[in-house]
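S.K.: First the structure, which I've put down as structure tokens, then a few questions once you've had a look.
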Amino acid sequence: MSVPQYDELFNPTLKALHTLGGEAHIRNIEQEVAKFLNLTDGEINEIHRGTTTKLVYRLAWSRNYLKRFGLLEKIARGVWGLTEEGRNVALVDKEEVKSYVKSEKNNTEEEDTAIEADLDDYLEREEDNPQVEKESSEYYAITDPFDPKEIDIKTKQMMLKALFERIHHQELDLLTDFQREGDLWDLTKQSRLIESILIRFPLPAFYFDGTNDNKWLIVDGLQRISTFKNFIIDKKIKGQTFALTNLEFLKDLDGLTYEDLPREMKRRIDETEITVYIISPGTPAKVKYNLFKRINTSGLVLEAQEIRHALNQGEPANFVKELALLPEFKKATSYSIKTNRMLDRDFITRFVSFYILGYKNYEPDLDTFLNRGMAEINNLTLEKRENVKKDLIKSMKLAYDLFGDYAFRKRYKVKDTRKPINKALFEVWSVNLAKVEDDKIEELVNRKDYLISGFINLLTTNADFEKAITSTTGDKGRVTRRFDEIEKLIKNILP
């Protein structure tokens, strides 16, 4: 069967919501409806326009009609539920619903806006930053995998006292700037880690980057090490005296500080054996990057940019941080990119990597390419770094002058609802606008209506381009496609 028309989806939509407990995200509603109708994968994925499928589009209209009929309500972004009346209705007469809705005094523009907003809710967004569209994590081939023989990790047994010595002499880099944030555990959790040692529970292994033997870098174990530093060395937690609290087994130790512990317990802590894995000096950067990703398994898992930042300390990390603080970058991205997990620096690293290395030299995977681009900053002279900064500022100013608050976002018509910022579009627009010659900037701004129209046409008529900025964005062919199309669009506007 083909995908039913919107009015034939009234009852499947109601049935789906009843099955799902009365409310659900539109993606779950879609899955249930497809299951009820026994739609094939081909029918589910049949395209209406761009990357929007017929099923998604028609379900949006179906929900809109059922809402106006009084049976559905929108509860939150992307979440719909049955009204009190809807909970008591299992089936509707589609002609009755359509007749009622059409008898209302209707504003077609408002109706279209409601449908667009519903379709916009279908977009996946960054969990911590809904103003940024979530990047597809679909598989794409790594064309140049590293040799497993290059992995060099040494295993050693150490006493905790040796670790305390490194902390005391600042030979362990806690690096809170990349490790999200140290000292995130509350007093109870930190106290119970100390208790675990005192009752001889084995501790999980610690991982360090030993490139610099005088300053090990923590890969995994930051919160535990922060606890040791607080209790044994600083004897404080967040400015307050660290006294053990809410212990489960050694309740008689509640309220004691490190200094209050009997000598035998202090010795037990010092002599506790731990397993330490050390990434050896000389391990290639791309191997180290993959190790960081696989090893970092605690509850505070590092983001890709945080790992890049850790591996590229010094000039690269400082330069990316400097560019992320530029007011022109913040304005062009509508001040909407959060900084707490280095998402702003991720955007900057994309610009720097494609600007310096060039999209024609791109090889999957994207993470490895961006790490290579960040490392390349080390090879730039001061003059070249200044040129990168100057061109980024030019690009950001130009993006805002051309698109305003729609910069780096999908746009299907002139008066469209504002979509979240798209990372792939940021890459292509930022780099291509940085390369516009200074004497052509005014002309491009004067012809911005033609540029916007051309971009909208590209999104609505070129399915391959939309795929290239929507899914499997790290695929080599899709990277080339999106850069080529935007480059061609700008050249067509500038004779």
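Following the order of the structure tokens, first chain is A, next is B, and so on, with residues numbered from 1 inside each chain and ligands from 1 in the order they appear.
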Taking 2 positions as the minimum chain separation for residues in the same chain, which residues sit within 8 Å of region 280-286 of chain A when counting only C-alpha atoms? Answer as a ChimeraX atom specification.
M.R.: /A:146,150-154,209-212,278,288-290,311,368,371-372
S.K.: Closest to Arg418 (chain A) among A:Leu392, A:Arg224, A:Gly404, A:Lys448, using only C-alpha atoms?
M.R.: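 Selected residue with least distance to Arg418 (chain A): A:Gly404.
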S.K.: Give me every alpha helix (DSSP H) residue in region 227-355 of chain A, going by DSSP on the backbone, as a count of residues only.
M.R.: 58
S.K.: Rank nothing, just name the residue among A:Leu326, A:Leu253, A:Leu222, A:Ile393 nearest to Trp185 (chain A), using only C-alpha atoms.
M.R.: A:Leu222
S.K.: Env of Glu487 (chain A): 8 Å cut, atoms = only C-alpha atoms, seq-sep filter 4 positions within chain, self excluded. Answer as a PyMOL selection string.
M.R.: chain A and resi 432+483+491
S.K.: Which residue is closest to Glu43 (chain A)? Choose from A:Pro4, A:His18, A:Lys389, A:Asn64 and count only C-alpha atoms.
M.R.: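 Using only C-alpha atoms, Glu43 (chain A) sits closest to A:Pro4.
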S.K.: List the neighbours of Tyr412 (chain A) out to 8 Å using only C-alpha atoms; skip same-chain residues closer than 3 positions along the sequence, and give me the result as a list in words.
M.R.: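 Everything that qualifies: Asp416, Ile456, Asn457, Leu459 and Thr460 of chain A.
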S.K.: Just how far from CA of Lys134 (chain A) is CA of Asp367 (chain A), in Å to one decimal?
M.R.: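 Between these atoms lies a distance of 15.2 Å.
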S.K.: Which residue out of A:His48, A:Arg200, A:Thr257, A:Lys330 has the minimum interatomic distance to Asp234 (chain A) when only C-alpha atoms are used?
M.R.: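 The shortest atom-to-atom distance to Asp234 (chain A) comes from A:Thr257.
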